[in-house]
file entry-v6.cif (mmCIF, N, CA and C atoms)
data_upload
loop_
_atom_site.label_atom_id
_atom_site.label_comp_id
_atom_site.auth_asym_id
_atom_site.auth_seq_id
_atom_site.Cartn_x
_atom_site.Cartn_y
_atom_site.Cartn_z
N MET A 14 94.68 77.33 67.33
CA MET A 14 94.68 78.75 67.62
C MET A 14 95.96 79.36 67.08
N GLN A 15 95.82 80.45 66.38
CA GLN A 15 96.97 81.09 65.76
C GLN A 15 97.65 82.01 66.78
N GLN A 16 98.98 81.93 66.81
CA GLN A 16 99.74 82.76 67.74
C GLN A 16 99.87 84.18 67.20
N ARG A 17 99.70 85.16 68.08
CA ARG A 17 99.78 86.56 67.69
C ARG A 17 101.24 86.95 67.47
N VAL A 18 101.48 87.66 66.37
CA VAL A 18 102.82 88.18 66.10
C VAL A 18 102.89 89.56 66.74
N GLU A 19 103.82 89.73 67.65
CA GLU A 19 103.95 90.99 68.38
C GLU A 19 104.85 91.97 67.64
N HIS A 20 104.55 93.21 67.78
CA HIS A 20 105.32 94.29 67.18
C HIS A 20 106.03 95.05 68.29
N GLU A 21 107.30 95.30 68.12
CA GLU A 21 108.05 96.10 69.10
C GLU A 21 108.06 97.54 68.58
N PHE A 22 107.57 98.46 69.40
CA PHE A 22 107.51 99.84 68.99
C PHE A 22 108.91 100.43 68.89
N ASP A 23 109.08 101.30 67.89
CA ASP A 23 110.37 101.96 67.72
C ASP A 23 110.45 103.20 68.62
N VAL A 24 111.55 103.93 68.50
CA VAL A 24 111.80 105.07 69.38
C VAL A 24 110.71 106.14 69.24
N ASP A 25 110.31 106.45 68.01
CA ASP A 25 109.27 107.47 67.81
C ASP A 25 107.94 107.05 68.43
N GLU A 26 107.57 105.80 68.24
CA GLU A 26 106.31 105.30 68.83
C GLU A 26 106.38 105.31 70.35
N ASN A 27 107.54 104.92 70.90
CA ASN A 27 107.71 104.95 72.35
C ASN A 27 107.64 106.37 72.89
N GLN A 28 108.18 107.33 72.13
CA GLN A 28 108.10 108.73 72.57
C GLN A 28 106.65 109.21 72.59
N ALA A 29 105.87 108.79 71.60
CA ALA A 29 104.45 109.17 71.58
C ALA A 29 103.73 108.57 72.79
N LEU A 30 104.03 107.32 73.12
CA LEU A 30 103.41 106.68 74.28
C LEU A 30 103.87 107.34 75.58
N THR A 31 105.13 107.71 75.64
CA THR A 31 105.64 108.41 76.82
C THR A 31 104.95 109.76 76.99
N GLY A 32 104.75 110.47 75.88
CA GLY A 32 104.04 111.75 75.94
C GLY A 32 102.61 111.58 76.44
N LEU A 33 101.92 110.56 75.94
CA LEU A 33 100.55 110.29 76.40
C LEU A 33 100.55 109.92 77.88
N SER A 34 101.51 109.12 78.28
CA SER A 34 101.62 108.72 79.68
C SER A 34 101.85 109.93 80.58
N GLU A 35 102.71 110.84 80.15
CA GLU A 35 102.97 112.06 80.94
C GLU A 35 101.72 112.94 81.02
N GLU A 36 100.98 113.03 79.92
CA GLU A 36 99.75 113.83 79.94
C GLU A 36 98.70 113.22 80.87
N LEU A 37 98.59 111.89 80.86
CA LEU A 37 97.68 111.23 81.80
C LEU A 37 98.10 111.48 83.24
N TYR A 38 99.41 111.48 83.47
CA TYR A 38 99.92 111.75 84.82
C TYR A 38 99.54 113.16 85.25
N ARG A 39 99.76 114.14 84.37
CA ARG A 39 99.40 115.52 84.70
C ARG A 39 97.90 115.67 84.94
N PHE A 40 97.11 115.00 84.10
CA PHE A 40 95.66 115.05 84.28
C PHE A 40 95.26 114.44 85.63
N SER A 41 95.85 113.31 85.97
CA SER A 41 95.52 112.64 87.23
C SER A 41 95.89 113.51 88.42
N ILE A 42 97.08 114.09 88.39
CA ILE A 42 97.52 114.95 89.49
C ILE A 42 96.64 116.19 89.58
N MET A 43 96.39 116.82 88.44
CA MET A 43 95.57 118.03 88.43
C MET A 43 94.16 117.74 88.97
N THR A 44 93.58 116.63 88.54
CA THR A 44 92.25 116.27 89.01
C THR A 44 92.25 115.99 90.51
N GLY A 45 93.29 115.31 90.99
CA GLY A 45 93.40 115.05 92.42
C GLY A 45 93.56 116.32 93.23
N VAL A 46 94.37 117.26 92.74
CA VAL A 46 94.57 118.53 93.45
C VAL A 46 93.27 119.34 93.47
N VAL A 47 92.57 119.37 92.35
CA VAL A 47 91.27 120.07 92.31
C VAL A 47 90.31 119.41 93.30
N GLY A 48 90.34 118.08 93.36
CA GLY A 48 89.50 117.37 94.32
C GLY A 48 89.81 117.75 95.75
N MET A 49 91.10 117.82 96.08
CA MET A 49 91.48 118.22 97.44
C MET A 49 91.05 119.65 97.74
N ALA A 50 91.19 120.54 96.75
CA ALA A 50 90.76 121.93 96.94
C ALA A 50 89.25 122.01 97.15
N LEU A 51 88.49 121.23 96.40
CA LEU A 51 87.04 121.22 96.58
C LEU A 51 86.64 120.69 97.95
N ILE A 52 87.34 119.68 98.41
CA ILE A 52 87.06 119.16 99.75
C ILE A 52 87.34 120.24 100.78
N GLY A 53 88.44 120.94 100.63
CA GLY A 53 88.74 122.05 101.54
C GLY A 53 87.68 123.13 101.51
N LEU A 54 87.22 123.47 100.32
CA LEU A 54 86.16 124.48 100.19
C LEU A 54 84.86 123.99 100.82
N GLY A 55 84.56 122.72 100.64
CA GLY A 55 83.35 122.17 101.23
C GLY A 55 83.40 122.20 102.75
N ILE A 56 84.56 121.86 103.31
CA ILE A 56 84.72 121.92 104.77
C ILE A 56 84.58 123.36 105.25
N ALA A 57 85.20 124.29 104.51
CA ALA A 57 85.08 125.71 104.88
C ALA A 57 83.63 126.17 104.82
N ALA A 58 82.90 125.71 103.82
CA ALA A 58 81.49 126.10 103.70
C ALA A 58 80.67 125.57 104.87
N ILE A 59 80.99 124.35 105.31
CA ILE A 59 80.26 123.78 106.45
C ILE A 59 80.60 124.54 107.73
N VAL A 60 81.89 124.81 107.93
CA VAL A 60 82.34 125.46 109.15
C VAL A 60 81.80 126.89 109.25
N THR A 61 81.89 127.63 108.16
CA THR A 61 81.47 129.04 108.21
C THR A 61 79.97 129.21 108.08
N GLY A 62 79.32 128.26 107.39
CA GLY A 62 77.87 128.37 107.20
C GLY A 62 77.47 129.61 106.42
N GLY A 63 78.39 130.11 105.60
CA GLY A 63 78.15 131.36 104.89
C GLY A 63 77.37 131.23 103.60
N TYR A 64 76.91 130.03 103.27
CA TYR A 64 76.16 129.84 102.03
C TYR A 64 74.69 129.64 102.34
N GLY A 65 73.83 129.96 101.40
CA GLY A 65 72.40 129.90 101.61
C GLY A 65 71.86 128.50 101.86
N SER A 66 72.47 127.51 101.28
CA SER A 66 71.98 126.14 101.40
C SER A 66 72.89 125.32 102.31
N SER A 67 72.27 124.48 103.12
CA SER A 67 73.07 123.61 103.99
C SER A 67 73.71 122.47 103.21
N LEU A 68 73.29 122.28 101.95
CA LEU A 68 73.85 121.22 101.12
C LEU A 68 75.10 121.65 100.35
N THR A 69 75.41 122.92 100.36
CA THR A 69 76.55 123.42 99.58
C THR A 69 77.85 122.76 100.01
N GLY A 70 78.12 122.73 101.30
CA GLY A 70 79.36 122.14 101.80
C GLY A 70 79.48 120.66 101.50
N PRO A 71 78.48 119.85 101.88
CA PRO A 71 78.56 118.42 101.57
C PRO A 71 78.63 118.12 100.07
N ALA A 72 77.89 118.87 99.27
CA ALA A 72 77.92 118.65 97.82
C ALA A 72 79.31 118.95 97.26
N THR A 73 79.94 119.99 97.76
CA THR A 73 81.28 120.34 97.31
C THR A 73 82.29 119.27 97.74
N ILE A 74 82.11 118.74 98.93
CA ILE A 74 82.99 117.66 99.40
C ILE A 74 82.82 116.42 98.52
N VAL A 75 81.57 116.06 98.21
CA VAL A 75 81.33 114.89 97.35
C VAL A 75 81.93 115.11 95.96
N LEU A 76 81.79 116.30 95.41
CA LEU A 76 82.39 116.59 94.11
C LEU A 76 83.92 116.48 94.19
N GLY A 77 84.50 116.94 95.30
CA GLY A 77 85.94 116.79 95.50
C GLY A 77 86.36 115.33 95.55
N LEU A 78 85.57 114.50 96.22
CA LEU A 78 85.87 113.07 96.28
C LEU A 78 85.76 112.43 94.89
N VAL A 79 84.76 112.84 94.12
CA VAL A 79 84.62 112.33 92.75
C VAL A 79 85.85 112.70 91.93
N ALA A 80 86.32 113.93 92.06
CA ALA A 80 87.52 114.36 91.33
C ALA A 80 88.74 113.56 91.76
N MET A 81 88.89 113.33 93.07
CA MET A 81 90.04 112.56 93.53
C MET A 81 89.98 111.12 93.03
N VAL A 82 88.81 110.51 93.03
CA VAL A 82 88.66 109.15 92.51
C VAL A 82 89.00 109.14 91.02
N GLY A 83 88.57 110.16 90.29
CA GLY A 83 88.91 110.26 88.87
C GLY A 83 90.41 110.33 88.66
N GLY A 84 91.10 111.09 89.50
CA GLY A 84 92.56 111.16 89.39
C GLY A 84 93.21 109.81 89.62
N ILE A 85 92.70 109.07 90.59
CA ILE A 85 93.24 107.74 90.88
C ILE A 85 92.93 106.77 89.74
N LEU A 86 91.73 106.86 89.18
CA LEU A 86 91.34 105.95 88.09
C LEU A 86 92.26 106.07 86.88
N PHE A 87 92.71 107.28 86.58
CA PHE A 87 93.53 107.48 85.38
C PHE A 87 95.01 107.19 85.61
N MET A 88 95.38 106.81 86.82
CA MET A 88 96.78 106.46 87.08
C MET A 88 97.13 105.08 86.51
N ARG A 89 96.20 104.13 86.56
CA ARG A 89 96.52 102.78 86.09
C ARG A 89 96.81 102.74 84.59
N PRO A 90 95.99 103.38 83.73
CA PRO A 90 96.36 103.39 82.31
C PRO A 90 97.71 104.07 82.08
N ARG A 91 97.99 105.07 82.87
CA ARG A 91 99.27 105.77 82.75
C ARG A 91 100.43 104.83 83.06
N VAL A 92 100.30 104.05 84.10
CA VAL A 92 101.36 103.10 84.48
C VAL A 92 101.52 102.04 83.40
N THR A 93 100.41 101.57 82.84
CA THR A 93 100.47 100.55 81.79
C THR A 93 101.15 101.10 80.54
N LEU A 94 100.86 102.35 80.18
CA LEU A 94 101.54 102.95 79.03
C LEU A 94 103.03 103.10 79.29
N ASP A 95 103.38 103.48 80.50
CA ASP A 95 104.79 103.60 80.87
C ASP A 95 105.51 102.26 80.73
N ARG A 96 104.83 101.20 81.13
CA ARG A 96 105.44 99.87 81.10
C ARG A 96 105.76 99.43 79.67
N ILE A 97 104.96 99.87 78.71
CA ILE A 97 105.21 99.50 77.31
C ILE A 97 106.58 100.00 76.87
N THR A 98 106.90 101.22 77.23
CA THR A 98 108.16 101.81 76.76
C THR A 98 109.37 101.29 77.53
N GLN A 99 109.15 100.71 78.70
CA GLN A 99 110.27 100.26 79.53
C GLN A 99 110.58 98.78 79.37
N THR A 100 109.76 98.05 78.65
CA THR A 100 110.00 96.61 78.48
C THR A 100 110.13 96.28 77.01
N ARG A 101 110.57 95.07 76.74
CA ARG A 101 110.71 94.59 75.37
C ARG A 101 109.76 93.43 75.17
N GLY A 102 109.08 93.45 74.03
CA GLY A 102 108.16 92.37 73.69
C GLY A 102 106.74 92.64 74.16
N SER A 103 105.79 92.06 73.46
CA SER A 103 104.36 92.15 73.79
C SER A 103 103.85 93.58 73.83
N ASP A 104 104.42 94.48 73.03
CA ASP A 104 103.99 95.88 73.05
C ASP A 104 102.53 96.06 72.65
N VAL A 105 102.07 95.32 71.64
CA VAL A 105 100.69 95.47 71.19
C VAL A 105 99.73 94.97 72.27
N THR A 106 100.05 93.85 72.89
CA THR A 106 99.20 93.32 73.97
C THR A 106 99.14 94.31 75.13
N LYS A 107 100.28 94.87 75.50
CA LYS A 107 100.30 95.85 76.60
C LYS A 107 99.55 97.13 76.22
N LEU A 108 99.64 97.53 74.96
CA LEU A 108 98.90 98.71 74.50
C LEU A 108 97.40 98.46 74.58
N MET A 109 96.97 97.27 74.19
CA MET A 109 95.55 96.94 74.28
C MET A 109 95.09 96.92 75.73
N ASP A 110 95.94 96.41 76.63
CA ASP A 110 95.61 96.45 78.06
C ASP A 110 95.46 97.89 78.55
N ALA A 111 96.38 98.74 78.13
CA ALA A 111 96.32 100.16 78.53
C ALA A 111 95.04 100.81 78.02
N LEU A 112 94.66 100.49 76.79
CA LEU A 112 93.44 101.07 76.23
C LEU A 112 92.20 100.56 76.97
N LYS A 113 92.22 99.29 77.38
CA LYS A 113 91.10 98.75 78.16
C LYS A 113 90.99 99.46 79.50
N PHE A 114 92.13 99.66 80.18
CA PHE A 114 92.12 100.36 81.46
C PHE A 114 91.65 101.80 81.29
N LEU A 115 92.10 102.44 80.21
CA LEU A 115 91.70 103.83 79.95
C LEU A 115 90.20 103.91 79.68
N ASP A 116 89.68 102.95 78.92
CA ASP A 116 88.25 102.92 78.64
C ASP A 116 87.45 102.71 79.93
N LYS A 117 87.90 101.79 80.79
CA LYS A 117 87.22 101.57 82.07
C LYS A 117 87.26 102.81 82.95
N ALA A 118 88.42 103.43 83.04
CA ALA A 118 88.57 104.64 83.86
C ALA A 118 87.64 105.73 83.37
N HIS A 119 87.59 105.92 82.06
CA HIS A 119 86.73 106.94 81.48
C HIS A 119 85.26 106.64 81.76
N GLY A 120 84.87 105.38 81.58
CA GLY A 120 83.49 105.00 81.82
C GLY A 120 83.07 105.19 83.26
N VAL A 121 83.91 104.76 84.20
CA VAL A 121 83.59 104.91 85.62
C VAL A 121 83.53 106.38 86.01
N PHE A 122 84.50 107.17 85.54
CA PHE A 122 84.53 108.60 85.86
C PHE A 122 83.30 109.30 85.32
N ARG A 123 82.90 108.94 84.11
CA ARG A 123 81.72 109.54 83.50
C ARG A 123 80.46 109.19 84.29
N VAL A 124 80.36 107.94 84.75
CA VAL A 124 79.20 107.53 85.55
C VAL A 124 79.18 108.27 86.88
N LEU A 125 80.36 108.42 87.52
CA LEU A 125 80.43 109.15 88.78
C LEU A 125 79.98 110.61 88.62
N ILE A 126 80.44 111.24 87.57
CA ILE A 126 80.05 112.64 87.33
C ILE A 126 78.55 112.73 87.04
N ALA A 127 78.03 111.81 86.22
CA ALA A 127 76.60 111.83 85.92
C ALA A 127 75.77 111.59 87.18
N ALA A 128 76.21 110.66 88.04
CA ALA A 128 75.50 110.40 89.29
C ALA A 128 75.50 111.63 90.18
N PHE A 129 76.65 112.31 90.24
CA PHE A 129 76.72 113.54 91.05
C PHE A 129 75.77 114.60 90.51
N VAL A 130 75.76 114.78 89.20
CA VAL A 130 74.90 115.81 88.60
C VAL A 130 73.43 115.48 88.85
N VAL A 131 73.05 114.22 88.68
CA VAL A 131 71.66 113.82 88.90
C VAL A 131 71.28 114.01 90.37
N ALA A 132 72.16 113.61 91.29
CA ALA A 132 71.88 113.77 92.72
C ALA A 132 71.77 115.25 93.08
N ARG A 133 72.64 116.05 92.54
CA ARG A 133 72.62 117.49 92.84
C ARG A 133 71.35 118.13 92.27
N LEU A 134 70.97 117.74 91.06
CA LEU A 134 69.75 118.25 90.46
C LEU A 134 68.53 117.82 91.29
N ALA A 135 68.51 116.57 91.72
CA ALA A 135 67.39 116.09 92.54
C ALA A 135 67.30 116.86 93.85
N SER A 136 68.45 117.10 94.49
CA SER A 136 68.41 117.86 95.75
C SER A 136 67.95 119.30 95.51
N PHE A 137 68.36 119.88 94.40
CA PHE A 137 67.94 121.23 94.05
C PHE A 137 66.42 121.28 93.86
N LEU A 138 65.89 120.29 93.12
CA LEU A 138 64.45 120.27 92.87
C LEU A 138 63.66 120.01 94.15
N LEU A 139 64.18 119.15 95.02
CA LEU A 139 63.50 118.90 96.28
C LEU A 139 63.42 120.15 97.14
N ILE A 140 64.50 120.90 97.16
CA ILE A 140 64.52 122.14 97.94
C ILE A 140 63.57 123.17 97.34
N ARG A 141 63.56 123.30 96.03
CA ARG A 141 62.72 124.30 95.36
C ARG A 141 61.24 123.94 95.46
N LEU A 142 60.92 122.66 95.41
CA LEU A 142 59.53 122.24 95.41
C LEU A 142 58.95 122.11 96.82
N SER A 143 59.81 122.18 97.82
CA SER A 143 59.32 122.06 99.22
C SER A 143 58.83 123.38 99.75
#
call {"tool": "encode", "arguments": {"input": "entry-v6.cif", "output": "structure tokens"}}
result
Amino acid sequence: MQQRVEHEFDVDENQALTGLSEELYRFSIMTGVVGMALIGLGIAAIVTGGYGSSLTGPATIVLGLVAMVGGILFMRPRVTLDRITQTRGSDVTKLMDALKFLDKAHGVFRVLIAAFVVARLASFLLIRLS
């Protein structure tokens, strides 16, 4: 088995990775805050009962939870990218790990959003057809 030759990223490459890491951090925080706001709106909808459908509040809460989970999912790739710039050696291996985590986070988040949309569409159709 041939041993992998590792490349140590230079200052410019590390700055690019730091920028990407910071953007992932902002995205994660923003998504989490939006999730918390949606949960609050869903609770308010349930408490006030001011919406036409009784599913509005719970659906908004579930969407808020999906957003919060998405924010959490994107934190791990961010931490892995940060680790590349703070350590010496194995930069390419760590970058590949970060890309794998990012791909997993994206895939899971996409499935969660699709599941929410399908469930919401199904509940809408059930209400309309009843």
call {"tool": "residues_around", "arguments": {"input": "entry-v6.cif", "residues": "Ala111 in chain A", "least_positions_apart": "2", "cutoff": "7 Å", "atoms": "only N, CA and C atoms", "output": "tab-separated table (two decimals) with N, CA and C atoms, keeping the file's coordinate frame"}}
result
chain	number	residue	atom	x	y	z
A	89	ARG	N	96.20	104.13	86.56
A	89	ARG	CA	96.52	102.78	86.09
A	89	ARG	C	96.81	102.74	84.59
A	90	PRO	N	95.99	103.38	83.73
A	90	PRO	CA	96.36	103.39	82.31
A	90	PRO	C	97.71	104.07	82.08
A	91	ARG	N	97.99	105.07	82.87
A	91	ARG	CA	99.27	105.77	82.75
A	91	ARG	C	100.43	104.83	83.06
A	93	THR	N	100.41	101.57	82.84
A	93	THR	CA	100.47	100.55	81.79
A	93	THR	C	101.15	101.10	80.54
A	94	LEU	N	100.86	102.35	80.18
A	94	LEU	CA	101.54	102.95	79.03
A	94	LEU	C	103.03	103.10	79.29
A	106	THR	N	100.05	93.85	72.89
A	106	THR	CA	99.20	93.32	73.97
A	106	THR	C	99.14	94.31	75.13
A	107	LYS	N	100.28	94.87	75.50
A	107	LYS	CA	100.30	95.85	76.60
A	107	LYS	C	99.55	97.13	76.22
A	108	LEU	N	99.64	97.53	74.96
A	108	LEU	CA	98.90	98.71	74.50
A	108	LEU	C	97.40	98.46	74.58
A	109	MET	N	96.97	97.27	74.19
A	109	MET	CA	95.55	96.94	74.28
A	109	MET	C	95.09	96.92	75.73
A	113	LYS	N	92.22	99.29	77.38
A	113	LYS	CA	91.10	98.75	78.16
A	113	LYS	C	90.99	99.46	79.50
A	114	PHE	N	92.13	99.66	80.18
A	114	PHE	CA	92.12	100.36	81.46
A	114	PHE	C	91.65	101.80	81.29
A	115	LEU	N	92.10	102.44	80.21
A	115	LEU	CA	91.70	103.83	79.95
A	115	LEU	C	90.20	103.91	79.68
A	116	ASP	N	89.68	102.95	78.92
A	116	ASP	CA	88.25	102.92	78.64
A	116	ASP	C	87.45	102.71	79.93
call {"tool": "select_by_dssp", "arguments": {"input": "entry-v6.cif", "residues": "chain A", "states": "helix (DSSP H, G or I)", "output": "number ranges by chain"}}
result
A: 24-61, 69-86, 88-99, 104-142
call {"tool": "residues_around", "arguments": {"input": "entry-v6.cif", "residues": "His20 in chain A", "least_positions_apart": "6", "cutoff": "6.5 Å", "atoms": "all atoms listed in the file", "output": "CSV table (one decimal) with N, CA and C atoms, in the coordinates of the input"}}
result
chain,number,residue,atom,x,y,z
A,102,GLY,N,109.1,93.4,74.0
A,102,GLY,CA,108.2,92.4,73.7
A,102,GLY,C,106.7,92.6,74.2
A,103,SER,N,105.8,92.1,73.5
A,103,SER,CA,104.4,92.2,73.8
A,103,SER,C,103.8,93.6,73.8
A,104,ASP,N,104.4,94.5,73.0
A,104,ASP,CA,104.0,95.9,73.0
A,104,ASP,C,102.5,96.1,72.6
A,105,VAL,N,102.1,95.3,71.6
A,105,VAL,CA,100.7,95.5,71.2
A,105,VAL,C,99.7,95.0,72.3
call {"tool": "closest_residue", "arguments": {"input": "entry-v6.cif", "among": "A:Ala50, A:Ala72, A:Ala57, A:Met81", "to": "Phe137 in chain A", "atoms": "only C-alpha atoms"}}
result
A:Ala72
call {"tool": "atom_distance", "arguments": {"input": "entry-v6.cif", "atom1": "atom N of Gly83 in chain A", "atom2": "CA of Phe122 in chain A"}}
result
6.2 Å
call {"tool": "resolve_selection", "arguments": {"input": "entry-v6.cif", "expression": "the PyMOL selection byres (((chain A and resi 78 and name CA) around 10) and name CA)", "output": "PyMOL selection string"}}
result
chain A and resi 45+47-49+51-52+72-77+79-84
call {"tool": "atom_distance", "arguments": {"input": "entry-v6.cif", "atom1": "CA of Met88 in chain A", "atom2": "CA of Tyr38 in chain A"}}
result
6.6 Å
call {"tool": "atom_distance", "arguments": {"input": "entry-v6.cif", "atom1": "CA of Leu142 in chain A", "atom2": "CA of Ser67 in chain A"}}
result
16.1 Å
call {"tool": "closest_residue", "arguments": {"input": "entry-v6.cif", "among": "A:Thr98, A:Leu112, A:Leu68, A:Leu86", "to": "Ala132 in chain A", "atoms": "only C-alpha atoms"}}
result
A:Leu68
call {"tool": "resolve_selection", "arguments": {"input": "entry-v6.cif", "expression": "the PyMOL selection byres (((chain A and resi 58 and name CA) around 10) and name CA)", "output": "compact mmCIF listing (two decimals) with N, CA and C atoms, in the coordinates of the input"}}
result
# COMPACT_ATOMS: atom_id res chain seq x y z
N ILE A 52 87.34 119.68 98.41
CA ILE A 52 87.06 119.16 99.75
C ILE A 52 87.34 120.24 100.78
N GLY A 53 88.44 120.94 100.63
CA GLY A 53 88.74 122.05 101.54
C GLY A 53 87.68 123.13 101.51
N LEU A 54 87.22 123.47 100.32
CA LEU A 54 86.16 124.48 100.19
C LEU A 54 84.86 123.99 100.82
N GLY A 55 84.56 122.72 100.64
CA GLY A 55 83.35 122.17 101.23
C GLY A 55 83.40 122.20 102.75
N ILE A 56 84.56 121.86 103.31
CA ILE A 56 84.72 121.92 104.77
C ILE A 56 84.58 123.36 105.25
N ALA A 57 85.20 124.29 104.51
CA ALA A 57 85.08 125.71 104.88
C ALA A 57 83.63 126.17 104.82
N ILE A 59 80.99 124.35 105.31
CA ILE A 59 80.26 123.78 106.45
C ILE A 59 80.60 124.54 107.73
N VAL A 60 81.89 124.81 107.93
CA VAL A 60 82.34 125.46 109.15
C VAL A 60 81.80 126.89 109.25
N THR A 61 81.89 127.63 108.16
CA THR A 61 81.47 129.04 108.21
C THR A 61 79.97 129.21 108.08
N GLY A 62 79.32 128.26 107.39
CA GLY A 62 77.87 128.37 107.20
C GLY A 62 77.47 129.61 106.42
N GLY A 63 78.39 130.11 105.60
CA GLY A 63 78.15 131.36 104.89
C GLY A 63 77.37 131.23 103.60
N TYR A 64 76.91 130.03 103.27
CA TYR A 64 76.16 129.84 102.03
C TYR A 64 74.69 129.64 102.34
N SER A 66 72.47 127.51 101.28
CA SER A 66 71.98 126.14 101.40
C SER A 66 72.89 125.32 102.31
N SER A 67 72.27 124.48 103.12
CA SER A 67 73.07 123.61 103.99
C SER A 67 73.71 122.47 103.21
N LEU A 68 73.29 122.28 101.95
CA LEU A 68 73.85 121.22 101.12
C LEU A 68 75.10 121.65 100.35
N THR A 69 75.41 122.92 100.36
CA THR A 69 76.55 123.42 99.58
C THR A 69 77.85 122.76 100.01
N GLY A 70 78.12 122.73 101.30
CA GLY A 70 79.36 122.14 101.80
C GLY A 70 79.48 120.66 101.50
N PRO A 71 78.48 119.85 101.88
CA PRO A 71 78.56 118.42 101.57
C PRO A 71 78.63 118.12 100.07
N THR A 73 79.94 119.99 97.76
CA THR A 73 81.28 120.34 97.31
C THR A 73 82.29 119.27 97.74
N ILE A 74 82.11 118.74 98.93
CA ILE A 74 82.99 117.66 99.40
C ILE A 74 82.82 116.42 98.52
call {"tool": "decode", "arguments": {"input": "entry-v6.cif", "residues": "range 61-77 of chain A", "atoms": "N, CA and C atoms", "output": "PDB file, in the first residue's frame"}}
result
ATOM      1  N   THR A  61     -52.945  31.073  20.687  1.00  0.00           N
ATOM      2  CA  THR A  61     -53.964  32.044  20.281  1.00  0.00           C
ATOM      3  C   THR A  61     -55.072  31.423  19.452  1.00  0.00           C
ATOM      4  N   GLY A  62     -54.749  30.343  18.731  1.00  0.00           N
ATOM      5  CA  GLY A  62     -55.756  29.702  17.886  1.00  0.00           C
ATOM      6  C   GLY A  62     -56.282  30.621  16.801  1.00  0.00           C
ATOM      7  N   GLY A  63     -55.475  31.599  16.408  1.00  0.00           N
ATOM      8  CA  GLY A  63     -55.926  32.605  15.455  1.00  0.00           C
ATOM      9  C   GLY A  63     -55.814  32.207  14.003  1.00  0.00           C
ATOM     10  N   TYR A  64     -55.390  30.976  13.722  1.00  0.00           N
ATOM     11  CA  TYR A  64     -55.243  30.546  12.337  1.00  0.00           C
ATOM     12  C   TYR A  64     -56.357  29.585  11.976  1.00  0.00           C
ATOM     13  N   GLY A  65     -56.681  29.497  10.705  1.00  0.00           N
ATOM     14  CA  GLY A  65     -57.790  28.678  10.251  1.00  0.00           C
ATOM     15  C   GLY A  65     -57.608  27.190  10.476  1.00  0.00           C
ATOM     16  N   SER A  66     -56.391  26.718  10.429  1.00  0.00           N
ATOM     17  CA  SER A  66     -56.130  25.288  10.559  1.00  0.00           C
ATOM     18  C   SER A  66     -55.502  24.981  11.917  1.00  0.00           C
ATOM     19  N   SER A  67     -55.920  23.873  12.491  1.00  0.00           N
ATOM     20  CA  SER A  67     -55.328  23.471  13.771  1.00  0.00           C
ATOM     21  C   SER A  67     -53.925  22.899  13.584  1.00  0.00           C
ATOM     22  N   LEU A  68     -53.534  22.643  12.337  1.00  0.00           N
ATOM     23  CA  LEU A  68     -52.202  22.106  12.060  1.00  0.00           C
ATOM     24  C   LEU A  68     -51.145  23.190  11.877  1.00  0.00           C
ATOM     25  N   THR A  69     -51.550  24.436  11.789  1.00  0.00           N
ATOM     26  CA  THR A  69     -50.600  25.523  11.540  1.00  0.00           C
ATOM     27  C   THR A  69     -49.541  25.595  12.627  1.00  0.00           C
ATOM     28  N   GLY A  70     -49.952  25.595  13.878  1.00  0.00           N
ATOM     29  CA  GLY A  70     -48.999  25.692  14.981  1.00  0.00           C
ATOM     30  C   GLY A  70     -48.035  24.524  15.042  1.00  0.00           C
ATOM     31  N   PRO A  71     -48.536  23.280  15.065  1.00  0.00           N
ATOM     32  CA  PRO A  71     -47.624  22.136  15.096  1.00  0.00           C
ATOM     33  C   PRO A  71     -46.704  22.057  13.874  1.00  0.00           C
ATOM     34  N   ALA A  72     -47.229  22.387  12.704  1.00  0.00           N
ATOM     35  CA  ALA A  72     -46.397  22.353  11.495  1.00  0.00           C
ATOM     36  C   ALA A  72     -45.275  23.382  11.581  1.00  0.00           C
ATOM     37  N   THR A  73     -45.577  24.545  12.115  1.00  0.00           N
ATOM     38  CA  THR A  73     -44.555  25.582  12.265  1.00  0.00           C
ATOM     39  C   THR A  73     -43.506  25.154  13.289  1.00  0.00           C
ATOM     40  N   ILE A  74     -43.943  24.497  14.349  1.00  0.00           N
ATOM     41  CA  ILE A  74     -42.995  23.990  15.350  1.00  0.00           C
ATOM     42  C   ILE A  74     -42.082  22.932  14.735  1.00  0.00           C
ATOM     43  N   VAL A  75     -42.655  22.013  13.959  1.00  0.00           N
ATOM     44  CA  VAL A  75     -41.840  20.970  13.312  1.00  0.00           C
ATOM     45  C   VAL A  75     -40.845  21.600  12.339  1.00  0.00           C
ATOM     46  N   LEU A  76     -41.277  22.587  11.575  1.00  0.00           N
ATOM     47  CA  LEU A  76     -40.357  23.273  10.661  1.00  0.00           C
ATOM     48  C   LEU A  76     -39.240  23.960  11.447  1.00  0.00           C
ATOM     49  N   GLY A  77     -39.573  24.552  12.591  1.00  0.00           N
ATOM     50  CA  GLY A  77     -38.561  25.154  13.447  1.00  0.00           C
ATOM     51  C   GLY A  77     -37.559  24.128  13.948  1.00  0.00           C
TER      52      GLY A  77
END
